[in-house]
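Novice: Structure file query.cif (mmCIF, C-alpha atoms) is given on the next line.
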data_upload
loop_
_atom_site.label_atom_id
_atom_site.label_comp_id
_atom_site.auth_asym_id
_atom_site.auth_seq_id
_atom_site.Cartn_x
_atom_site.Cartn_y
_atom_site.Cartn_z
CA MET K 145 -11.91 -27.95 30.49
CA ASN K 146 -10.16 -29.42 27.51
CA ALA K 147 -9.77 -27.23 24.48
CA SER K 148 -11.37 -28.55 21.34
CA PRO K 149 -8.84 -30.06 18.96
CA GLY K 150 -7.81 -27.90 16.05
CA PRO K 151 -7.68 -29.03 12.45
CA PRO K 152 -4.78 -31.21 11.36
CA GLU K 153 -1.71 -29.26 10.34
CA ASN K 154 -2.04 -30.33 6.72
CA GLU K 155 -5.58 -29.04 6.38
CA PHE K 156 -6.36 -25.63 4.99
CA HIS K 157 -9.75 -23.98 5.23
CA ILE K 158 -10.61 -21.22 2.79
CA ASN K 159 -11.13 -17.97 4.63
CA SER K 160 -12.92 -15.27 2.68
CA SER K 161 -12.90 -12.78 5.56
CA LEU K 162 -10.87 -9.61 5.39
CA GLY K 163 -8.20 -10.74 7.84
CA PRO K 164 -5.33 -13.13 7.13
CA PRO K 165 -5.89 -16.90 7.33
CA ALA K 166 -4.97 -18.79 10.45
CA THR K 167 -2.52 -20.94 8.50
CA ILE K 168 -0.19 -20.28 5.60
CA PRO K 169 -1.98 -21.31 2.36
CA PRO K 170 -0.36 -24.04 0.28
CA PRO K 171 1.32 -23.19 -3.05
CA THR K 172 -1.85 -24.00 -5.02
CA MET K 173 -3.83 -21.51 -2.95
CA ARG K 174 -1.13 -18.89 -3.46
CA ARG K 175 -1.28 -19.44 -7.20
CA ARG K 176 -5.05 -19.09 -7.07
CA SER K 177 -4.78 -15.86 -5.11
CA LEU K 178 -2.28 -14.47 -7.61
CA LEU K 179 -4.60 -15.43 -10.45
CA LEU K 180 -7.52 -13.66 -8.77
CA LEU K 181 -5.36 -10.57 -8.30
CA VAL K 182 -4.44 -10.74 -12.01
CA ILE K 183 -8.14 -10.77 -12.95
CA PHE K 184 -8.76 -7.70 -10.81
CA ARG K 185 -5.75 -5.88 -12.23
CA LEU K 186 -6.55 -6.70 -15.87
CA LEU K 187 -10.08 -5.31 -15.68
CA ARG K 188 -9.00 -2.29 -13.65
CA SER K 189 -6.10 -1.54 -16.02
CA ALA K 190 -8.37 -1.65 -19.07
CA ALA K 191 -10.83 0.71 -17.38
CA SER K 192 -8.07 3.07 -16.22
CA ALA K 193 -6.58 3.26 -19.71
CA MET K 194 -9.97 4.14 -21.19
CA ILE K 195 -10.39 6.98 -18.68
CA ALA K 196 -6.84 8.24 -19.26
CA VAL K 197 -7.41 8.53 -23.02
CA ALA K 198 -10.94 9.93 -22.85
CA LEU K 199 -10.50 12.55 -20.12
CA PRO K 200 -8.36 15.05 -22.11
CA TYR K 201 -10.85 14.95 -25.00
CA LEU K 202 -13.78 15.45 -22.64
CA VAL K 203 -12.14 18.49 -21.03
CA LEU K 204 -10.43 20.06 -24.07
CA ARG K 205 -12.87 19.23 -26.87
CA LYS K 206 -16.30 18.55 -25.36
CA LEU K 207 -16.32 20.99 -22.45
CA HIS K 208 -13.93 23.46 -24.18
CA TYR K 209 -11.65 24.17 -21.23
CA GLY K 210 -7.92 24.77 -21.50
CA SER K 211 -4.85 22.80 -20.46
CA LEU K 212 -4.69 24.62 -17.13
CA MET K 213 -8.15 23.32 -16.17
CA LEU K 214 -7.18 19.81 -17.24
CA GLY K 215 -4.07 20.18 -15.09
CA ALA K 216 -6.20 21.26 -12.13
CA ILE K 217 -8.35 18.13 -12.48
CA TYR K 218 -5.21 16.00 -12.57
CA MET K 219 -3.85 17.85 -9.54
CA VAL K 220 -6.96 17.03 -7.51
CA GLY K 221 -6.60 13.39 -8.52
CA LEU K 222 -2.94 13.39 -7.52
CA ALA K 223 -3.65 15.04 -4.15
CA SER K 224 -6.31 12.42 -3.49
CA THR K 225 -3.97 9.61 -4.53
CA ALA K 226 -1.24 10.98 -2.25
CA LEU K 227 -3.48 11.16 0.82
CA LEU K 228 -5.28 7.90 0.18
CA GLY K 229 -2.03 6.15 -0.73
CA LEU K 230 -0.60 6.99 2.68
CA VAL K 231 -3.75 5.74 4.41
CA VAL K 232 -3.78 2.60 2.25
CA GLY K 233 -0.16 1.84 3.10
CA HIS K 234 -0.84 2.03 6.84
CA LEU K 235 -4.08 0.06 6.59
CA SER K 236 -2.43 -2.70 4.59
CA ASP K 237 0.20 -3.08 7.33
CA ARG K 238 -2.06 -2.62 10.35
CA TRP K 239 -5.49 -3.88 9.28
CA SER K 240 -5.92 -6.06 6.19
CA ARG K 241 -4.29 -6.18 2.76
CA LYS K 242 -7.42 -7.73 1.29
CA GLY K 243 -9.90 -5.40 2.95
CA THR K 244 -7.87 -2.39 1.88
CA LEU K 245 -7.82 -3.61 -1.72
CA ILE K 246 -11.59 -4.08 -1.76
CA VAL K 247 -12.25 -0.60 -0.39
CA THR K 248 -9.92 1.08 -2.90
CA GLY K 249 -11.26 -1.13 -5.71
CA ILE K 250 -14.70 0.46 -5.40
CA MET K 251 -13.42 3.97 -6.07
CA VAL K 252 -12.69 3.75 -9.81
CA PRO K 253 -16.12 2.38 -10.89
CA LEU K 254 -17.87 4.88 -8.62
CA SER K 255 -15.97 7.85 -10.04
CA ALA K 256 -16.46 6.73 -13.65
CA LEU K 257 -20.21 6.37 -13.07
CA LEU K 258 -20.35 9.90 -11.69
CA VAL K 259 -18.78 11.31 -14.85
CA TYR K 260 -21.14 9.29 -17.05
CA ALA K 261 -24.18 10.47 -15.08
CA ARG K 262 -23.22 14.15 -15.17
CA PRO K 263 -20.17 15.14 -17.26
CA ASP K 264 -19.65 18.70 -16.04
CA LEU K 265 -16.76 20.44 -14.33
CA PRO K 266 -17.80 20.11 -10.65
CA ILE K 267 -18.47 16.37 -11.10
CA LEU K 268 -15.12 15.94 -12.86
CA PHE K 269 -13.35 17.39 -9.83
CA LEU K 270 -15.38 15.19 -7.48
CA ALA K 271 -14.73 12.09 -9.59
CA SER K 272 -11.03 12.89 -9.73
CA LEU K 273 -11.02 13.23 -5.96
CA ILE K 274 -12.63 9.80 -5.52
CA GLY K 275 -10.99 7.88 -8.35
CA GLY K 276 -7.64 9.62 -8.53
CA PHE K 277 -7.89 10.73 -12.17
CA ALA K 278 -4.21 11.31 -12.84
CA ALA K 279 -2.18 10.56 -15.94
CA THR K 280 1.16 10.36 -14.16
CA GLY K 281 0.98 6.65 -13.48
CA SER K 282 2.64 3.84 -15.33
CA LEU K 283 1.75 0.24 -15.89
CA ILE K 284 3.00 -0.32 -12.36
CA GLY K 285 0.48 2.07 -10.92
CA GLY K 286 0.00 5.60 -9.69
CA GLY K 287 -2.29 6.85 -12.45
CA VAL K 288 -6.08 6.43 -12.42
CA GLY K 289 -6.95 4.65 -9.19
CA GLY K 290 -3.33 4.67 -8.11
CA ALA K 291 -4.14 4.78 -4.38
CA ALA K 292 -4.59 1.00 -4.47
CA GLN K 293 -1.02 0.40 -5.59
CA PRO K 294 0.72 0.14 -2.18
CA ALA K 295 -1.72 -2.57 -1.09
CA GLN K 296 -1.40 -4.45 -4.40
CA THR K 297 2.38 -4.37 -4.24
CA ALA K 298 2.38 -5.54 -0.61
CA VAL K 299 0.01 -8.43 -1.48
CA ILE K 300 2.32 -9.60 -4.27
CA ALA K 301 5.24 -9.41 -1.84
CA ASP K 302 3.26 -11.59 0.62
CA LEU K 303 2.64 -14.21 -2.07
CA THR K 304 6.19 -14.35 -3.48
CA THR K 305 9.80 -14.62 -2.32
CA LEU K 306 12.67 -12.18 -2.62
CA SER K 307 14.39 -14.32 -5.25
CA ASN K 308 11.46 -14.27 -7.69
CA ARG K 309 9.65 -11.07 -6.70
CA THR K 310 10.97 -8.92 -9.56
CA LEU K 311 9.76 -11.55 -12.05
CA TYR K 312 6.27 -11.50 -10.53
CA TYR K 313 6.10 -7.72 -10.53
CA ALA K 314 7.25 -7.68 -14.16
CA VAL K 315 4.83 -10.36 -15.39
CA LEU K 316 1.83 -8.92 -13.54
CA ALA K 317 2.62 -5.43 -14.79
CA PHE K 318 3.05 -6.83 -18.31
CA LEU K 319 -0.41 -8.40 -18.18
CA SER K 320 -1.83 -5.13 -16.86
CA GLY K 321 -0.18 -3.32 -19.75
CA VAL K 322 -1.75 -5.68 -22.27
CA ALA K 323 -5.13 -4.99 -20.69
CA GLY K 324 -4.42 -1.25 -20.73
CA SER K 325 -3.53 -1.45 -24.40
CA GLY K 326 -6.84 -3.14 -25.09
CA GLY K 327 -8.64 -0.51 -23.06
CA SER K 328 -7.01 2.26 -25.09
CA LEU K 329 -8.22 0.63 -28.31
CA LEU K 330 -11.76 0.28 -26.95
CA VAL K 331 -12.00 4.07 -26.80
CA ARG K 332 -12.20 4.07 -30.61
CA TYR K 333 -15.58 2.35 -30.53
CA PHE K 334 -17.46 4.46 -28.00
CA SER K 335 -18.39 8.09 -27.63
CA ILE K 336 -16.40 10.03 -25.05
CA HIS K 337 -19.46 10.00 -22.79
CA ASN K 338 -20.02 6.24 -23.04
CA VAL K 339 -16.36 5.46 -22.40
CA PHE K 340 -16.89 6.25 -18.73
CA LEU K 341 -19.85 3.87 -18.47
CA VAL K 342 -17.85 1.02 -20.02
CA ALA K 343 -14.90 1.81 -17.75
CA ALA K 344 -17.16 1.69 -14.70
CA GLY K 345 -18.52 -1.70 -15.73
CA LEU K 346 -15.10 -3.21 -16.42
CA SER K 347 -13.56 -2.06 -13.15
CA ALA K 348 -16.59 -3.26 -11.17
CA LEU K 349 -16.35 -6.74 -12.73
CA GLY K 350 -12.98 -7.27 -11.08
CA LEU K 351 -14.18 -6.69 -7.51
CA PRO K 352 -15.62 -10.19 -6.84
CA ALA K 353 -12.19 -11.71 -7.51
CA LEU K 354 -10.79 -9.92 -4.46
CA VAL K 355 -13.36 -11.46 -2.14
CA PHE K 356 -12.05 -14.97 -2.79
CA MET K 357 -8.36 -14.15 -2.43
CA VAL K 358 -6.49 -15.82 0.42
CA ILE K 359 -3.44 -13.90 1.62
CA PRO K 360 -0.97 -15.66 3.91
CA ALA K 361 -0.50 -14.49 7.45
CA ARG K 362 2.86 -12.81 7.67
CA PRO K 363 5.32 -14.69 9.88
CA ALA K 364 6.56 -12.98 13.01
CA SER K 365 9.25 -10.45 12.20
CA PRO K 366 12.67 -10.76 13.82
CA PRO K 367 13.17 -8.33 16.70
CA ARG K 368 13.99 -4.89 15.39
CA THR K 369 17.17 -3.51 16.87
CA PRO K 370 17.67 0.26 17.11
CA ASP K 371 20.18 0.08 14.24
CA ALA K 372 17.75 -1.89 12.05
CA HIS K 373 14.96 0.58 12.84
CA LYS K 374 17.22 3.50 11.94
CA ALA K 375 18.39 1.88 8.70
CA SER K 376 14.82 1.06 7.66
CA ARG K 377 13.57 4.59 8.24
CA LYS K 378 16.63 6.01 6.48
CA ASN K 379 15.90 3.97 3.37
CA ILE K 380 12.25 5.04 3.47
CA ARG K 381 13.40 8.67 3.42
CA LYS K 382 15.78 7.99 0.54
CA PHE K 383 13.08 6.35 -1.56
CA GLY K 384 10.79 9.25 -0.63
CA ILE K 385 13.29 11.77 -2.01
CA THR K 386 13.88 9.89 -5.26
CA GLY K 387 10.13 9.32 -5.53
CA MET K 388 9.51 13.05 -5.15
CA LEU K 389 11.89 13.94 -8.00
CA ASN K 390 10.54 11.13 -10.14
CA GLY K 391 6.99 12.33 -9.51
CA PHE K 392 7.83 15.94 -10.35
CA SER K 393 9.35 14.88 -13.65
CA GLN K 394 6.33 12.67 -14.40
CA GLY K 395 3.92 15.48 -13.64
CA LEU K 396 5.72 17.79 -16.04
CA ILE K 397 5.35 15.53 -19.07
CA THR K 398 3.26 12.37 -18.73
CA PRO K 399 -0.23 13.91 -18.28
CA PHE K 400 0.40 16.27 -21.20
CA LEU K 401 1.69 13.89 -23.85
CA ILE K 402 -1.81 13.37 -25.29
CA PRO K 403 -2.65 17.11 -25.01
CA PHE K 404 0.73 17.81 -26.70
CA PHE K 405 -0.41 15.93 -29.81
CA VAL K 406 -3.92 17.40 -29.62
CA LEU K 407 -2.65 20.99 -29.40
CA VAL K 408 0.50 20.83 -31.55
CA TYR K 409 -0.58 18.35 -34.25
CA GLY K 410 -4.38 18.21 -33.89
CA LEU K 411 -4.51 14.40 -33.79
CA HIS K 412 -8.00 12.88 -33.73
CA LYS K 413 -9.18 10.72 -30.85
CA SER K 414 -9.15 7.50 -32.88
CA GLN K 415 -5.56 8.11 -34.03
CA MET K 416 -4.40 8.97 -30.54
CA ALA K 417 -6.10 5.88 -29.12
CA THR K 418 -4.18 3.69 -31.57
CA TYR K 419 -0.78 5.18 -30.73
CA THR K 420 -1.54 5.11 -27.01
CA SER K 421 -2.40 1.43 -27.34
CA LEU K 422 0.92 0.78 -29.10
CA ALA K 423 2.84 2.70 -26.44
CA THR K 424 1.08 0.80 -23.67
CA MET K 425 1.73 -2.55 -25.31
CA LEU K 426 5.43 -1.79 -25.85
CA GLY K 427 5.68 -0.59 -22.27
CA ALA K 428 4.11 -3.83 -21.08
CA VAL K 429 6.59 -5.92 -23.06
CA SER K 430 9.51 -3.85 -21.74
CA LEU K 431 8.58 -4.83 -18.18
CA LEU K 432 9.54 -8.41 -18.97
CA ALA K 433 13.12 -7.18 -19.35
CA ALA K 434 13.24 -6.06 -15.70
CA PRO K 435 14.67 -9.34 -14.29
CA ILE K 436 17.35 -9.33 -17.01
CA LEU K 437 18.22 -5.68 -16.39
CA GLU K 438 18.40 -6.30 -12.65
CA LYS K 439 20.64 -9.34 -13.10
CA HIS K 440 23.14 -7.76 -15.51
CA LEU K 441 23.06 -4.06 -14.59
CA GLY K 442 21.70 -4.03 -11.06
CA PHE K 443 18.85 -1.91 -9.72
CA VAL K 444 20.58 1.49 -9.87
CA ARG K 445 22.21 1.22 -13.30
CA SER K 446 18.98 -0.18 -14.78
CA ILE K 447 17.13 2.93 -13.62
CA ALA K 448 19.90 5.24 -14.85
CA PHE K 449 20.29 3.72 -18.32
CA THR K 450 16.60 3.48 -19.25
CA ARG K 451 15.56 6.87 -17.90
CA ALA K 452 18.54 8.75 -19.31
CA LEU K 453 17.84 7.42 -22.79
CA GLY K 454 14.15 8.28 -22.50
CA THR K 455 15.00 11.81 -21.37
CA VAL K 456 17.18 12.44 -24.43
CA LEU K 457 14.38 11.28 -26.75
CA LEU K 458 11.77 13.52 -25.07
CA VAL K 459 13.99 16.58 -25.48
CA ILE K 460 14.38 15.74 -29.18
CA MET K 461 10.59 15.48 -29.51
CA ALA K 462 10.18 18.89 -27.92
CA VAL K 463 12.64 20.79 -30.10
CA TRP K 464 11.99 19.03 -33.43
CA HIS K 465 8.31 19.23 -34.39
CA ASN K 466 8.10 16.35 -36.82
CA LEU K 467 4.92 14.30 -36.43
CA ASP K 468 6.33 10.94 -37.50
CA LEU K 469 9.38 11.27 -35.25
CA ALA K 470 7.25 12.54 -32.36
CA LEU K 471 4.90 9.55 -32.61
CA ILE K 472 7.83 7.12 -32.64
CA ILE K 473 9.25 8.74 -29.51
CA TYR K 474 5.79 8.78 -27.90
CA VAL K 475 5.51 5.03 -28.43
CA ILE K 476 9.06 4.26 -27.22
CA THR K 477 9.61 6.48 -24.18
CA PRO K 478 7.01 4.97 -21.80
CA ALA K 479 8.78 1.62 -22.20
CA LEU K 480 12.13 3.18 -21.31
CA ARG K 481 10.69 4.93 -18.29
CA ILE K 482 9.08 1.88 -16.71
CA ALA K 483 11.29 -1.03 -17.81
CA ALA K 484 13.24 -1.04 -14.54
CA LEU K 485 10.33 -0.29 -12.19
CA PRO K 486 9.77 -3.92 -11.07
CA ALA K 487 13.38 -3.94 -9.89
CA GLN K 488 12.69 -0.70 -8.03
CA GLN K 489 9.68 -2.24 -6.27
CA THR K 490 11.78 -5.21 -5.21
CA ALA K 491 14.45 -2.81 -3.96
CA ILE K 492 11.93 -0.97 -1.79
CA THR K 493 10.43 -4.13 -0.28
CA SER K 494 13.87 -5.64 0.39
CA ARG K 495 15.56 -2.61 1.96
CA VAL K 496 13.12 -1.86 4.78
CA HIS K 497 12.01 -3.83 7.82
CA SER K 498 9.15 -6.25 7.26
CA ASP K 499 6.79 -4.18 9.43
CA ASP K 500 7.45 -1.10 7.26
CA VAL K 501 6.84 -2.53 3.76
CA GLY K 502 3.37 -1.08 3.22
CA ARG K 503 4.33 2.29 4.63
CA ALA K 504 7.54 2.42 2.61
CA LEU K 505 5.58 1.82 -0.59
CA ALA K 506 3.02 4.42 0.46
CA VAL K 507 5.63 7.06 1.34
CA ASN K 508 7.31 6.57 -2.03
CA GLN K 509 3.99 6.94 -3.83
CA VAL K 510 2.86 9.90 -1.73
CA ALA K 511 6.12 11.73 -2.39
CA ARG K 512 5.82 10.96 -6.09
CA VAL K 513 2.23 12.03 -6.63
CA SER K 514 2.45 15.06 -4.33
CA ALA K 515 5.36 16.44 -6.33
CA SER K 516 3.48 15.67 -9.53
CA SER K 517 0.63 17.98 -8.59
CA GLY K 518 2.77 21.10 -8.62
CA ALA K 519 4.46 20.04 -11.84
CA ILE K 520 1.09 19.51 -13.52
CA LEU K 521 -0.01 23.08 -12.78
CA CYS K 522 3.35 24.33 -14.07
CA THR K 523 2.99 22.52 -17.40
CA GLY K 524 -0.69 23.43 -17.73
CA TYR K 525 0.23 27.09 -17.35
CA LEU K 526 3.12 26.83 -19.83
CA PHE K 527 0.96 24.98 -22.37
CA ASP K 528 -1.65 27.73 -22.16
CA LEU K 529 1.16 30.18 -22.96
CA ALA K 530 2.15 27.98 -25.94
CA ALA K 531 5.57 27.38 -24.33
CA VAL K 532 5.33 23.66 -24.98
CA GLU K 533 9.10 23.05 -25.07
CA VAL K 534 9.92 24.45 -21.61
CA PRO K 535 8.47 21.57 -19.51
CA PHE K 536 10.64 19.11 -21.45
CA PHE K 537 13.81 21.03 -20.54
CA ILE K 538 12.80 21.18 -16.88
CA TYR K 539 12.08 17.45 -17.05
CA ALA K 540 15.61 16.75 -18.32
CA ALA K 541 17.20 18.72 -15.47
CA VAL K 542 15.09 17.05 -12.76
CA MET K 543 15.63 13.55 -14.16
CA THR K 544 19.39 14.11 -14.28
CA ALA K 545 19.36 15.09 -10.59
CA ASN K 546 17.24 12.04 -9.77
CA ILE K 547 19.66 9.64 -11.49
CA ILE K 548 22.58 11.15 -9.58
CA LEU K 549 20.73 10.61 -6.29
CA TYR K 550 20.03 6.96 -7.13
CA PHE K 551 23.78 6.40 -7.41
CA LYS K 552 24.44 8.37 -4.22
CA PHE K 553 21.78 6.61 -2.14
CA PHE K 554 21.69 3.02 -3.34
CA SER K 555 24.84 2.11 -5.25
CA GLY K 556 26.39 -0.91 -3.53
CA GLN K 557 23.68 -1.12 -0.84
CA GLU K 558 22.54 -4.61 0.13
CA PRO K 559 18.91 -5.62 0.77
CA SER K 560 17.68 -5.87 4.36
CA PRO K 561 17.85 -9.36 5.89
CA ALA K 562 14.45 -8.86 7.57
CA VAL K 563 11.87 -9.15 4.84
CA SER K 564 8.55 -10.49 6.01
CA THR K 565 7.59 -12.18 2.77
CA ASP K 566 10.85 -13.88 1.93
CA THR K 567 9.78 -17.42 2.86
CA SER K 568 11.37 -20.69 1.91
CA GLU K 569 8.40 -21.67 -0.22
CA THR K 570 8.67 -20.64 -3.84
CA PRO K 571 5.21 -20.44 -5.40
CA SER K 572 4.82 -20.81 -9.12
CA MET K 573 3.19 -18.42 -11.54
CA PRO K 574 -0.61 -18.69 -11.64
CA ALA K 575 -1.52 -21.81 -13.58
CA ALA K 576 -4.13 -24.51 -13.71
CA ASP K 577 -3.81 -27.10 -10.96
CA ASN K 578 -2.63 -30.53 -12.07
#
Any chance you could give the structure as structure tokens?

Specialist:
Amino acid sequence: MNASPGPPENEFHINSSLGPPATIPPPTMRRRSLLLLVIFRLLRSAASAMIAVALPYLVLRKLHYGSLMLGAIYMVGLASTALLGLVVGHLSDRWSRKGTLIVTGIMVPLSALLVYARPDLPILFLASLIGGFAATGSLIGGGVGGAAQPAQTAVIADLTTLSNRTLYYAVLAFLSGVAGSGGSLLVRYFSIHNVFLVAAGLSALGLPALVFMVIPARPASPPRTPDAHKASRKNIRKFGITGMLNGFSQGLITPFLIPFFVLVYGLHKSQMATYTSLATMLGAVSLLAAPILEKHLGFVRSIAFTRALGTVLLVIMAVWHNLDLALIIYVITPALRIAALPAQQTAITSRVHSDDVGRALAVNQVARVSASSGAILCTGYLFDLAAVEVPFFIYAAVMTANIILYFKFFSGQEPSPAVSTDTSETPSMPAADN
């Protein structure tokens, strides 16, 4: 019996199923998929920013709990993000990038709706468990809804090449930051209660875009020799260690920057929303510098320079209680912390075997958010004792150790030659078809 003839090689049929397409999509389809991912990320980032600003006011001002309780809610969100992030990383490698994104995309609108329907303490813990309510993330991911980040990063890697991947990560994170800035400003115009309803609606609007994404089937990986397998796993462990220290330092400070201004300076919600929007916007713009930093300083020195400068400024903010200076530092330091992160993502995806990309990203995130949970409880306890300066000093010590390890682990190390998504095609940034 003769097999039925297949479609001509130059044909491409849109496949909206969860699995990869049978053929590699042409550049126009890749651009369209990137554009659909941008739509999803913009709406989700705006919703996540609204939740991140509103949650401290709901817990501290509306429900009248202390910083320790807020820290416990964040810790639950981080633990959930850690566990789900590991599962998401494996699913994105073994099952479907697209299907995994859709499943994780449902979690943020569901959790926000729960808080809107019943804003009490048990529901806040449940919502944090589902949606990963954590303020340790950046514009790259890892905060509210951060469990989706390994799959998103792997999808971008599938749709780009090694030579332009840092640029894509930077531009997409920049656009997400702009959306997050807008979301922070939106908080000014709604009650704390209604913020969660709006956030649920915005994040749900982005889900249909994922259905129509087409992700290329990954080409067969070169055979993995024992040495390549060992080197890949070794790099995963190294990124796990640096991720753990990075996460611990984030957990000490990042979730408590807004509570710091609420407790120390008594800033109103509308004022804090404005400054958070400015900080988010500046952070988004700083991401565009990532390709330049990577080119002139390299991955390791980019991380060291930006984070060391940010650490010095945070220590100054802690010891010198001047509102104007503190607000300037608050606006500047997120940009310094995340400016080199696109280069870090490229480093992770280029230093492990192609079959390990999703898991490498997941291990890094799991290490980061797991360490954050303990740090959050530490700072919550210290804030309740009015020892607001101590977490900043601990942060400086941990960040110094982390920078030293970056030099020890990665200085002079070359990317892996086996990267599944480094194809010869070079897709363009999402744009209208000619």

Novice: What is the atom CA of K:Ala491 to atom CA of K:Ile380 distance in Å?

Specialist: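 Straight-line distance from atom CA of K:Ala491 to atom CA of K:Ile380 works out to 11.0 Å.
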
Novice: Name the residues that the PyMOL selection byres ((chain K and resi 403) around 12) picks from the file above, as a ChimeraX atom specification, using the file's chain letters and numbers.

Specialist: /K:196-205,210-212,214-215,279,397-402,404-413,416,523-524,527-528,530,532

Novice: Which neighbours of K:Leu431 fall inside 7 Å, counting all atoms listed in the file, when residues of the same chain fewer than 2 positions from it are skipped, and could you give them as an MDAnalysis selection string?

Specialist: chainID K and resid 314 317:318 427:429 433:434 482:483

Novice: Any chance you could export the current selection's C-alpha atoms as a compact mmCIF listing (two decimals), in the coordinates of the input?

Specialist:
# COMPACT_ATOMS: atom_id res chain seq x y z
CA ALA K 314 7.25 -7.68 -14.16
CA ALA K 317 2.62 -5.43 -14.79
CA PHE K 318 3.05 -6.83 -18.31
CA GLY K 427 5.68 -0.59 -22.27
CA ALA K 428 4.11 -3.83 -21.08
CA VAL K 429 6.59 -5.92 -23.06
CA ALA K 433 13.12 -7.18 -19.35
CA ALA K 434 13.24 -6.06 -15.70
CA ILE K 482 9.08 1.88 -16.71
CA ALA K 483 11.29 -1.03 -17.81

Novice: List as a PyMOL selection string the residues having at least one atom at most 12 Å from position (-16.1, -7.0, -14.4) as given in the file, counting only C-alpha atoms.

Specialist: chain K and resi 183-191+249-250+253+342-354

Novice: Take the residues from that selection and put them in a file with C-alpha atoms, as a compact mmCIF listing (two decimals), in the coordinates of the input.

Specialist:
# COMPACT_ATOMS: atom_id res chain seq x y z
CA ILE K 183 -8.14 -10.77 -12.95
CA PHE K 184 -8.76 -7.70 -10.81
CA ARG K 185 -5.75 -5.88 -12.23
CA LEU K 186 -6.55 -6.70 -15.87
CA LEU K 187 -10.08 -5.31 -15.68
CA ARG K 188 -9.00 -2.29 -13.65
CA SER K 189 -6.10 -1.54 -16.02
CA ALA K 190 -8.37 -1.65 -19.07
CA ALA K 191 -10.83 0.71 -17.38
CA GLY K 249 -11.26 -1.13 -5.71
CA ILE K 250 -14.70 0.46 -5.40
CA PRO K 253 -16.12 2.38 -10.89
CA VAL K 342 -17.85 1.02 -20.02
CA ALA K 343 -14.90 1.81 -17.75
CA ALA K 344 -17.16 1.69 -14.70
CA GLY K 345 -18.52 -1.70 -15.73
CA LEU K 346 -15.10 -3.21 -16.42
CA SER K 347 -13.56 -2.06 -13.15
CA ALA K 348 -16.59 -3.26 -11.17
CA LEU K 349 -16.35 -6.74 -12.73
CA GLY K 350 -12.98 -7.27 -11.08
CA LEU K 351 -14.18 -6.69 -7.51
CA PRO K 352 -15.62 -10.19 -6.84
CA ALA K 353 -12.19 -11.71 -7.51
CA LEU K 354 -10.79 -9.92 -4.46

Novice: Do you have the atom CA of K:Ala301-atom CA of K:Arg503 distance handy?

Specialist: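 Those two atoms sit 13.4 Å apart.
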
Novice: Using only C-alpha atoms, which of K:Leu432, K:Leu329, K:Ile476, K:Leu228 sits nearest K:Ser414?

Specialist: K:Leu329

Novice: Mind pulling up the distance from atom CA of K:Ile548 to atom CA of K:Tyr525?

Specialist: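 Computing it gives 28.5 Å between the two atoms.
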
Novice: If I put a ball of radius 7 Å at (-18.5, 16.9, -18.7) in the file's coordinates, which residues poke into it when counting all atoms listed in the file, written as a ChimeraX atom specification?

Specialist: /K:202-203,207,259,262-265,268

Novice: Since we have the selection now, will you write its residues out, keeping C-alpha atoms, as a PDB file, in the coordinates of the input?

Specialist:
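The file below, selection02.pdb, is the result:
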ATOM      1  CA  LEU K 202     -13.780  15.450 -22.640  1.00  0.00           C
ATOM      2  CA  VAL K 203     -12.140  18.490 -21.030  1.00  0.00           C
ATOM      3  CA  LEU K 207     -16.320  20.990 -22.450  1.00  0.00           C
ATOM      4  CA  VAL K 259     -18.780  11.310 -14.850  1.00  0.00           C
ATOM      5  CA  ARG K 262     -23.220  14.150 -15.170  1.00  0.00           C
ATOM      6  CA  PRO K 263     -20.170  15.140 -17.260  1.00  0.00           C
ATOM      7  CA  ASP K 264     -19.650  18.700 -16.040  1.00  0.00           C
ATOM      8  CA  LEU K 265     -16.760  20.440 -14.330  1.00  0.00           C
ATOM      9  CA  LEU K 268     -15.120  15.940 -12.860  1.00  0.00           C
TER      10      LEU K 268
END

Novice: Between K:Leu341, K:Leu529, K:Leu549, K:Leu230, which one has atoms that come closest to K:Ser255, using all atoms listed in the file?

Specialist: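 Among the listed residues, the smallest separation from K:Ser255 belongs to K:Leu341.
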
Novice: Taking the file as shown, what set of residues would the PyMOL selection byres ((chain K and resi 454-462) around 8) give back, as an mmCIF file with C-alpha atoms, keeping the file's coordinate frame?

Specialist:
data_model
loop_
_atom_site.group_PDB
_atom_site.id
_atom_site.type_symbol
_atom_site.label_atom_id
_atom_site.label_comp_id
_atom_site.auth_asym_id
_atom_site.auth_seq_id
_atom_site.Cartn_x
_atom_site.Cartn_y
_atom_site.Cartn_z
ATOM 1 C CA THR K 450 16.600 3.480 -19.250
ATOM 2 C CA ARG K 451 15.560 6.870 -17.900
ATOM 3 C CA ALA K 452 18.540 8.750 -19.310
ATOM 4 C CA LEU K 453 17.840 7.420 -22.790
ATOM 5 C CA VAL K 463 12.640 20.790 -30.100
ATOM 6 C CA TRP K 464 11.990 19.030 -33.430
ATOM 7 C CA HIS K 465 8.310 19.230 -34.390
ATOM 8 C CA ASN K 466 8.100 16.350 -36.820
ATOM 9 C CA LEU K 469 9.380 11.270 -35.250
ATOM 10 C CA ALA K 470 7.250 12.540 -32.360
ATOM 11 C CA ILE K 473 9.250 8.740 -29.510
ATOM 12 C CA THR K 477 9.610 6.480 -24.180
ATOM 13 C CA PRO K 478 7.010 4.970 -21.800
ATOM 14 C CA LEU K 480 12.130 3.180 -21.310
ATOM 15 C CA ARG K 481 10.690 4.930 -18.290
ATOM 16 C CA VAL K 532 5.330 23.660 -24.980
ATOM 17 C CA GLU K 533 9.100 23.050 -25.070
ATOM 18 C CA PHE K 536 10.640 19.110 -21.450
ATOM 19 C CA PHE K 537 13.810 21.030 -20.540
ATOM 20 C CA TYR K 539 12.080 17.450 -17.050
ATOM 21 C CA ALA K 540 15.610 16.750 -18.320
ATOM 22 C CA MET K 543 15.630 13.550 -14.160
#
